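structure-v8.txt (compact mmCIF, C-alpha atoms and all ligand atoms)
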# COMPACT_ATOMS: atom_id res chain seq x y z
CA MET A 872 -107.06 93.54 86.35
CA ARG A 873 -105.62 96.33 88.48
CA LYS A 874 -106.96 98.87 85.97
CA TRP A 875 -110.44 97.40 86.36
CA ILE A 876 -110.28 97.71 90.13
CA LEU A 877 -109.23 101.35 89.85
CA PHE A 878 -111.95 102.03 87.28
CA THR A 879 -114.61 100.40 89.47
CA ALA A 880 -113.44 102.43 92.48
CA PHE A 881 -113.62 105.59 90.36
CA LEU A 882 -117.19 104.76 89.27
CA ALA A 883 -118.21 104.15 92.90
CA ILE A 884 -116.88 107.56 93.90
CA VAL A 885 -118.70 109.28 91.01
CA ALA A 886 -121.95 107.48 91.91
CA SER A 887 -121.69 108.43 95.59
CA CYS A 888 -121.13 112.10 94.68
CA SER A 889 -124.10 112.37 92.34
CA THR A 890 -126.55 110.91 94.86
CA ARG A 891 -124.94 112.84 97.76
CA SER A 892 -124.95 109.82 100.03
CA GLY A 893 -124.53 110.67 103.70
CA TRP A 894 -124.74 113.98 105.51
CA THR A 895 -122.61 116.93 104.44
CA GLU A 896 -120.29 118.44 107.03
CA TRP A 897 -122.56 121.50 107.22
CA GLU A 898 -125.66 119.37 107.81
CA GLN A 899 -123.95 117.45 110.62
CA THR A 900 -122.89 120.74 112.21
CA VAL A 901 -126.46 122.11 112.07
CA ILE A 902 -128.02 118.93 113.47
CA GLU A 903 -125.49 118.41 116.26
CA ARG A 904 -124.72 121.97 117.31
CA SER A 905 -128.21 123.48 117.15
CA ASP A 906 -130.06 123.98 120.42
CA SER A 907 -133.26 121.94 120.85
CA VAL A 908 -135.00 125.08 119.54
CA MET A 909 -133.08 125.71 116.33
CA TYR A 910 -132.07 129.01 114.74
CA VAL A 911 -134.63 129.84 112.04
CA ALA A 912 -133.21 131.39 108.86
CA VAL A 913 -134.67 134.80 108.01
CA MET A 914 -134.83 136.99 104.95
CA PRO A 915 -132.82 138.71 103.65
CA ALA A 916 -129.78 137.64 105.76
CA ASP A 917 -130.19 133.92 105.02
CA SER A 918 -131.45 134.15 101.44
CA ALA A 919 -128.65 131.82 100.15
CA ILE A 920 -130.10 128.88 102.12
CA LEU A 921 -133.75 129.88 101.75
CA ARG A 922 -133.39 130.26 97.95
CA ALA A 923 -131.47 127.00 97.34
CA GLN A 924 -132.98 123.85 95.81
CA SER A 925 -133.42 121.04 98.35
CA VAL A 926 -132.62 117.39 97.60
CA ASP A 927 -133.95 114.04 98.81
CA PHE A 928 -132.59 112.11 101.78
CA GLY A 929 -130.82 108.86 100.86
CA PRO A 930 -131.19 105.55 102.75
CA LYS A 931 -128.00 106.27 104.71
CA GLU A 932 -129.31 109.52 106.19
CA LEU A 933 -132.77 108.05 106.82
CA ALA A 934 -131.27 105.24 108.92
CA SER A 935 -128.96 107.54 110.89
CA ALA A 936 -129.33 108.81 114.46
CA GLN A 937 -128.96 112.36 113.12
CA MET A 938 -132.26 111.95 111.24
CA GLN A 939 -134.17 111.42 114.50
CA THR A 940 -132.31 114.34 116.12
CA LEU A 941 -133.26 116.58 113.18
CA LEU A 942 -136.94 115.55 113.41
CA ASP A 943 -136.98 116.13 117.20
CA LYS A 944 -135.30 119.53 116.99
CA MET A 945 -137.46 120.74 114.08
CA TYR A 946 -140.60 119.69 115.97
CA ARG A 947 -139.48 121.56 119.11
CA THR A 948 -138.59 124.62 117.03
CA LEU A 949 -141.98 124.73 115.32
CA THR A 950 -143.94 124.26 118.56
CA ASP A 951 -141.80 126.57 120.74
CA PRO A 952 -143.77 129.65 121.94
CA SER A 953 -141.10 131.87 120.31
CA GLN A 954 -142.08 130.50 116.85
CA ASP A 955 -145.48 128.83 117.28
CA GLY A 956 -145.96 128.07 113.58
CA VAL A 957 -148.28 125.75 111.67
CA GLY A 958 -145.53 124.43 109.39
CA ILE A 959 -141.78 124.46 108.81
CA ALA A 960 -139.45 123.30 106.04
CA ALA A 961 -135.92 121.94 106.55
CA PRO A 962 -134.20 124.82 104.65
CA GLN A 963 -135.55 127.16 107.35
CA VAL A 964 -133.26 125.46 109.87
CA GLY A 965 -130.33 125.34 107.43
CA ILE A 966 -130.86 121.90 105.88
CA ASN A 967 -131.49 121.88 102.10
CA ARG A 968 -133.34 118.54 102.10
CA ARG A 969 -136.91 117.60 101.19
CA LEU A 970 -138.47 117.55 104.68
CA VAL A 971 -141.42 119.55 105.97
CA MET A 972 -143.57 119.47 109.11
CA VAL A 973 -147.23 120.37 108.82
CA MET A 974 -150.03 120.84 111.34
CA ARG A 975 -152.84 118.59 110.13
CA TYR A 976 -155.99 120.66 110.69
CA ASP A 977 -157.89 117.93 108.88
CA LYS A 978 -157.05 115.26 111.51
CA PRO A 979 -158.45 114.87 115.04
CA GLY A 980 -156.20 116.58 117.61
CA GLN A 981 -154.47 118.53 114.80
CA PRO A 982 -151.12 116.67 115.06
CA ILE A 983 -147.89 118.10 113.62
CA GLU A 984 -146.36 115.43 111.38
CA PRO A 985 -143.09 115.09 109.41
CA TYR A 986 -143.09 114.47 105.62
CA ILE A 987 -139.83 113.14 104.19
CA ASN A 988 -138.80 113.31 100.49
CA ILE A 989 -142.15 114.94 99.84
CA ARG A 990 -143.55 115.81 96.40
CA ILE A 991 -146.80 117.49 95.44
CA ASP A 992 -147.99 115.23 92.61
CA SER A 993 -151.00 117.36 91.70
CA LEU A 994 -152.66 120.63 92.63
CA ILE A 995 -156.43 120.24 92.56
CA GLY A 996 -159.21 122.83 92.15
CA PRO A 997 -159.27 126.56 91.36
CA LYS A 998 -157.10 128.78 93.56
CA ASN A 999 -158.58 130.76 96.47
CA PRO A 1000 -156.94 133.76 98.19
CA GLY A 1001 -156.03 133.44 101.87
CA PRO A 1002 -153.72 135.02 104.49
CA GLU A 1003 -150.23 133.57 104.95
CA GLY A 1004 -147.12 134.22 106.99
CA CYS A 1005 -143.69 132.62 107.25
CA LEU A 1006 -141.33 132.14 110.21
CA SER A 1007 -138.52 133.26 107.88
CA ILE A 1008 -140.21 136.57 106.96
CA PRO A 1009 -141.19 138.33 110.19
CA PRO A 1010 -143.29 140.35 110.85
CA TYR A 1011 -145.08 140.26 107.49
CA ARG A 1012 -148.16 138.58 106.21
CA GLY A 1013 -149.62 138.40 102.74
CA VAL A 1014 -152.57 137.24 100.69
CA VAL A 1015 -151.71 134.26 98.49
CA ARG A 1016 -153.88 132.27 96.08
CA ARG A 1017 -153.60 128.50 96.67
CA HIS A 1018 -155.35 125.34 95.51
CA PRO A 1019 -157.91 123.84 97.93
CA LYS A 1020 -156.62 120.28 97.52
CA VAL A 1021 -153.27 118.54 96.89
CA GLN A 1022 -152.16 115.01 96.03
CA ILE A 1023 -148.88 114.31 97.86
CA SER A 1024 -146.39 111.46 98.17
CA TYR A 1025 -143.76 111.10 100.89
CA LEU A 1026 -142.09 108.83 103.43
CA LYS A 1027 -143.28 108.67 107.03
CA ALA A 1028 -140.68 108.90 109.84
CA ASP A 1029 -140.53 105.06 109.92
CA GLY A 1030 -139.78 104.99 106.16
CA THR A 1031 -143.26 103.88 105.00
CA PRO A 1032 -144.14 105.39 101.60
CA VAL A 1033 -147.53 107.13 101.51
CA ALA A 1034 -149.66 108.79 98.81
CA GLU A 1035 -152.70 110.79 99.90
CA GLN A 1036 -154.97 113.73 99.17
CA VAL A 1037 -155.20 116.62 101.61
CA GLU A 1038 -157.86 119.35 101.66
CA GLY A 1039 -158.48 122.69 103.34
CA TYR A 1040 -155.99 124.77 105.33
CA SER A 1041 -153.54 121.85 105.62
CA ALA A 1042 -153.42 121.72 101.80
CA VAL A 1043 -152.44 125.41 101.83
CA ILE A 1044 -149.67 124.71 104.37
CA PHE A 1045 -148.33 121.85 102.21
CA GLN A 1046 -148.14 124.20 99.20
CA HIS A 1047 -146.33 126.87 101.26
CA GLU A 1048 -143.85 124.40 102.82
CA CYS A 1049 -143.12 122.49 99.60
CA ASP A 1050 -142.40 125.81 97.85
CA HIS A 1051 -139.61 126.30 100.43
CA LEU A 1052 -137.96 123.10 99.13
CA ASP A 1053 -137.70 124.71 95.68
CA GLY A 1054 -136.39 128.01 97.09
CA ILE A 1055 -139.77 129.73 96.59
CA LEU A 1056 -141.22 132.03 99.27
CA TYR A 1057 -144.84 133.13 99.63
CA ILE A 1058 -143.82 136.75 98.97
CA ASP A 1059 -142.97 135.65 95.38
CA LYS A 1060 -146.62 134.70 94.84
CA ALA A 1061 -148.54 137.06 97.14
CA ASP A 1062 -151.05 139.56 95.80
CA THR A 1063 -150.28 141.84 98.77
CA VAL A 1064 -147.73 141.83 101.60
CA TYR A 1065 -148.20 143.87 104.78
CA VAL A 1066 -146.72 144.23 108.28
CA ASN A 1067 -148.62 142.24 110.88
CA GLU A 1068 -148.73 144.66 113.83
CA ALA A 1069 -149.38 141.97 116.47
CA TRP A 1070 -146.42 139.89 115.29
CA ALA A 1071 -144.22 143.00 115.11
CA ALA A 1072 -145.09 143.86 118.73
CA GLU A 1073 -144.47 140.28 119.83
CA ARG A 1074 -141.07 140.27 118.06
CA GLU A 1075 -139.88 143.60 119.43
CA ASN A 1076 -137.18 142.02 121.64
CA PHE A 1077 -136.61 138.85 119.60
CA ASN A 1078 -132.98 137.77 119.17
CA TYR A 1079 -132.27 137.28 115.44
CA ASP A 1080 -128.53 136.60 115.94
CA ARG A 1081 -127.23 133.49 114.18
CA PRO A 1082 -125.45 130.93 116.37
CA GLU A 1083 -121.67 131.51 116.41
CA TRP A 1084 -121.00 128.29 114.43
CA TRP A 1085 -123.38 129.28 111.58
CA ASP A 1086 -120.99 131.45 109.50
NI NI B 1101 -142.58 129.59 105.35

Now, as a test, write the supplied structure out as structure tokens.
Amino acid sequence: MRKWILFTAFLAIVASCSTRSGWTEWEQTVIERSDSVMYVAVMPADSAILRAQSVDFGPKELASAQMQTLLDKMYRTLTDPSQDGVGIAAPQVGINRRLVMVMRYDKPGQPIEPYINIRIDSLIGPKNPGPEGCLSIPPYRGVVRRHPKVQISYLKADGTPVAEQVEGYSAVIFQHECDHLDGILYIDKADTVYVNEAWAAERENFNYDRPEWWD
């Protein structure tokens, strides 16, 4: 009997490790210690985080207060004048989880929305070239070929599962952001990469220092 109890406890521990239930210590540090505008990882200094594979959130993390804090801080980071992006992925703020935020150019008012445990289920239509940049690769831009339409599935912030098709520029942003979750950057796919002079001028006095708790 005692052996069975021990064996069951052992199995429970193995199961909890393989699904990575709960936040890691690092993730809790990032979520709690980050300012409301978070440090954004940049290449090449932060390539370890930017190149890592991201994993899904489990029910425990989704129900936690830290989840809402992460969503709030990522939103403020993306919309802050110092960043002012059209999309961001969780690895860019140090969290290797499947979460992106995308500006929905295809919706009235162009809202920025969170997409949790997101997957691109299909890429639709022949690729077209278009300009792209990344908050993690200043001050460059590049020309990347992307599909005009994507079929995606994800959870909304309230946990509702959704499957939908997205077209146009928002579809391009989804492809860029979801690549981040697999450690892929647009420079890996770009036909050309060049310095964006306006962004370079804007970033002349930008502070790229990591927060003291990061290392
Ligand atoms: Ni990016």

Would you compute an axis-aligned box for segment 1072-1086 of chain A, covering every atom listed for it in the file with 8 Å of margin on each side, and report centre and edge lengths in Å to one decimal as AutoDock Vina command-line options?
--center_x -133.0 --center_y 136.1 --center_z 115.6 --size_x 40.1 --size_y 31.6 --size_z 28.1

Could you give me, as number ranges by chain, the residues within 12 Å of Thr940 of chain A, counting all atoms listed in the file and dropping anything in the same chain fewer than 2 positions from it? A: 898-899, 901-909, 932-938, 942-947, 1028

Set the cut-off to 9 Å, count all atoms listed in the file, and list whatever residues fall near ligand NI 1101 (chain B) as a PDB file with C-alpha atoms, keeping the file's coordinate frame.
ATOM      1  CA  GLY A 958    -145.530 124.430 109.390  1.00  0.00           C
ATOM      2  CA  ILE A 959    -141.780 124.460 108.810  1.00  0.00           C
ATOM      3  CA  ALA A 960    -139.450 123.300 106.040  1.00  0.00           C
ATOM      4  CA  GLN A 963    -135.550 127.160 107.350  1.00  0.00           C
ATOM      5  CA  GLU A1003    -150.230 133.570 104.950  1.00  0.00           C
ATOM      6  CA  GLY A1004    -147.120 134.220 106.990  1.00  0.00           C
ATOM      7  CA  CYS A1005    -143.690 132.620 107.250  1.00  0.00           C
ATOM      8  CA  LEU A1006    -141.330 132.140 110.210  1.00  0.00           C
ATOM      9  CA  SER A1007    -138.520 133.260 107.880  1.00  0.00           C
ATOM     10  CA  ILE A1008    -140.210 136.570 106.960  1.00  0.00           C
ATOM     11  CA  ILE A1044    -149.670 124.710 104.370  1.00  0.00           C
ATOM     12  CA  HIS A1047    -146.330 126.870 101.260  1.00  0.00           C
ATOM     13  CA  GLU A1048    -143.850 124.400 102.820  1.00  0.00           C
ATOM     14  CA  ASP A1050    -142.400 125.810  97.850  1.00  0.00           C
ATOM     15  CA  HIS A1051    -139.610 126.300 100.430  1.00  0.00           C
ATOM     16  CA  LEU A1056    -141.220 132.030  99.270  1.00  0.00           C
ATOM     17  CA  TYR A1057    -144.840 133.130  99.630  1.00  0.00           C
TER      18      TYR A1057
END

Per-residue nearest contacts segment 900-996 of chain A to segment 1014-1020 of chain A, cut-off 9 Å, using all atoms listed in the file, as JSON lines:
{"residue": "A:Ser993", "atom": "CA", "partner": "A:Lys1020", "partner_atom": "CA", "distance": 8.6}
{"residue": "A:Leu994", "atom": "CA", "partner": "A:His1018", "partner_atom": "CA", "distance": 6.1}
{"residue": "A:Ile995", "atom": "CA", "partner": "A:Lys1020", "partner_atom": "CA", "distance": 5.0}
{"residue": "A:Gly996", "atom": "CA", "partner": "A:His1018", "partner_atom": "CA", "distance": 5.7}

Save the residues we just selected, C-alpha atoms, as a compact mmCIF listing (two decimals), in the frame of the given file?
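Output (selection37.txt):
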# COMPACT_ATOMS: atom_id res chain seq x y z
CA SER A 993 -151.00 117.36 91.70
CA LEU A 994 -152.66 120.63 92.63
CA ILE A 995 -156.43 120.24 92.56
CA GLY A 996 -159.21 122.83 92.15

Quick one: distance from atom CA of Asp992 of chain A to atom CA of Gln1022 of chain A in Å, one decimal?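 Interatomic distance here is 5.4 Å.
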
Have segment 894-917 of chain A completed to N, CA and C atoms, please, and pass it along as a PDB file, keeping the file's coordinate frame.
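Result went into result.pdb, see below:
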ATOM      1  N   TRP A 894    -124.561 112.581 105.156  1.00  0.00           N
ATOM      2  CA  TRP A 894    -124.740 113.980 105.510  1.00  0.00           C
ATOM      3  C   TRP A 894    -123.526 114.786 105.079  1.00  0.00           C
ATOM      4  N   THR A 895    -123.747 116.031 104.688  1.00  0.00           N
ATOM      5  CA  THR A 895    -122.610 116.930 104.440  1.00  0.00           C
ATOM      6  C   THR A 895    -122.090 117.384 105.810  1.00  0.00           C
ATOM      7  N   GLU A 896    -120.883 117.941 105.793  1.00  0.00           N
ATOM      8  CA  GLU A 896    -120.290 118.440 107.030  1.00  0.00           C
ATOM      9  C   GLU A 896    -121.170 119.537 107.639  1.00  0.00           C
ATOM     10  N   TRP A 897    -121.681 120.409 106.774  1.00  0.00           N
ATOM     11  CA  TRP A 897    -122.560 121.500 107.220  1.00  0.00           C
ATOM     12  C   TRP A 897    -123.824 120.951 107.892  1.00  0.00           C
ATOM     13  N   GLU A 898    -124.431 119.951 107.257  1.00  0.00           N
ATOM     14  CA  GLU A 898    -125.660 119.370 107.810  1.00  0.00           C
ATOM     15  C   GLU A 898    -125.411 118.749 109.189  1.00  0.00           C
ATOM     16  N   GLN A 899    -124.277 118.056 109.319  1.00  0.00           N
ATOM     17  CA  GLN A 899    -123.950 117.450 110.620  1.00  0.00           C
ATOM     18  C   GLN A 899    -123.748 118.528 111.672  1.00  0.00           C
ATOM     19  N   THR A 900    -123.104 119.629 111.279  1.00  0.00           N
ATOM     20  CA  THR A 900    -122.890 120.740 112.210  1.00  0.00           C
ATOM     21  C   THR A 900    -124.241 121.295 112.675  1.00  0.00           C
ATOM     22  N   VAL A 901    -125.142 121.540 111.727  1.00  0.00           N
ATOM     23  CA  VAL A 901    -126.460 122.110 112.070  1.00  0.00           C
ATOM     24  C   VAL A 901    -127.204 121.173 113.020  1.00  0.00           C
ATOM     25  N   ILE A 902    -127.237 119.889 112.689  1.00  0.00           N
ATOM     26  CA  ILE A 902    -128.020 118.930 113.470  1.00  0.00           C
ATOM     27  C   ILE A 902    -127.428 118.774 114.879  1.00  0.00           C
ATOM     28  N   GLU A 903    -126.107 118.678 114.958  1.00  0.00           N
ATOM     29  CA  GLU A 903    -125.490 118.410 116.260  1.00  0.00           C
ATOM     30  C   GLU A 903    -125.339 119.658 117.112  1.00  0.00           C
ATOM     31  N   ARG A 904    -125.030 120.786 116.510  1.00  0.00           N
ATOM     32  CA  ARG A 904    -124.720 121.970 117.310  1.00  0.00           C
ATOM     33  C   ARG A 904    -125.936 122.862 117.593  1.00  0.00           C
ATOM     34  N   SER A 905    -127.016 122.676 116.867  1.00  0.00           N
ATOM     35  CA  SER A 905    -128.210 123.480 117.150  1.00  0.00           C
ATOM     36  C   SER A 905    -128.754 123.179 118.539  1.00  0.00           C
ATOM     37  N   ASP A 906    -129.316 124.201 119.185  1.00  0.00           N
ATOM     38  CA  ASP A 906    -130.060 123.980 120.420  1.00  0.00           C
ATOM     39  C   ASP A 906    -131.306 123.163 120.085  1.00  0.00           C
ATOM     40  N   SER A 907    -132.035 122.715 121.121  1.00  0.00           N
ATOM     41  CA  SER A 907    -133.260 121.940 120.850  1.00  0.00           C
ATOM     42  C   SER A 907    -134.272 122.818 120.104  1.00  0.00           C
ATOM     43  N   VAL A 908    -134.262 124.134 120.392  1.00  0.00           N
ATOM     44  CA  VAL A 908    -135.000 125.080 119.540  1.00  0.00           C
ATOM     45  C   VAL A 908    -133.971 125.692 118.601  1.00  0.00           C
ATOM     46  N   MET A 909    -134.116 125.371 117.304  1.00  0.00           N
ATOM     47  CA  MET A 909    -133.080 125.710 116.330  1.00  0.00           C
ATOM     48  C   MET A 909    -133.178 127.176 115.878  1.00  0.00           C
ATOM     49  N   TYR A 910    -132.057 127.706 115.390  1.00  0.00           N
ATOM     50  CA  TYR A 910    -132.070 129.010 114.740  1.00  0.00           C
ATOM     51  C   TYR A 910    -132.896 128.898 113.459  1.00  0.00           C
ATOM     52  N   VAL A 911    -133.823 129.839 113.266  1.00  0.00           N
ATOM     53  CA  VAL A 911    -134.630 129.840 112.040  1.00  0.00           C
ATOM     54  C   VAL A 911    -134.117 130.916 111.088  1.00  0.00           C
ATOM     55  N   ALA A 912    -133.743 130.495 109.889  1.00  0.00           N
ATOM     56  CA  ALA A 912    -133.210 131.390 108.860  1.00  0.00           C
ATOM     57  C   ALA A 912    -134.237 132.463 108.516  1.00  0.00           C
ATOM     58  N   VAL A 913    -133.764 133.699 108.352  1.00  0.00           N
ATOM     59  CA  VAL A 913    -134.670 134.800 108.010  1.00  0.00           C
ATOM     60  C   VAL A 913    -134.175 135.531 106.762  1.00  0.00           C
ATOM     61  N   MET A 914    -135.137 136.124 106.088  1.00  0.00           N
ATOM     62  CA  MET A 914    -134.830 136.990 104.950  1.00  0.00           C
ATOM     63  C   MET A 914    -134.525 138.388 105.471  1.00  0.00           C
ATOM     64  N   PRO A 915    -133.601 139.140 104.802  1.00  0.00           N
ATOM     65  CA  PRO A 915    -132.820 138.710 103.650  1.00  0.00           C
ATOM     66  C   PRO A 915    -131.477 138.082 104.020  1.00  0.00           C
ATOM     67  N   ALA A 916    -131.126 138.075 105.337  1.00  0.00           N
ATOM     68  CA  ALA A 916    -129.780 137.640 105.760  1.00  0.00           C
ATOM     69  C   ALA A 916    -129.460 136.218 105.274  1.00  0.00           C
ATOM     70  N   ASP A 917    -130.436 135.327 105.324  1.00  0.00           N
ATOM     71  CA  ASP A 917    -130.190 133.920 105.020  1.00  0.00           C
ATOM     72  C   ASP A 917    -130.770 133.511 103.658  1.00  0.00           C
TER      73      ASP A 917
END
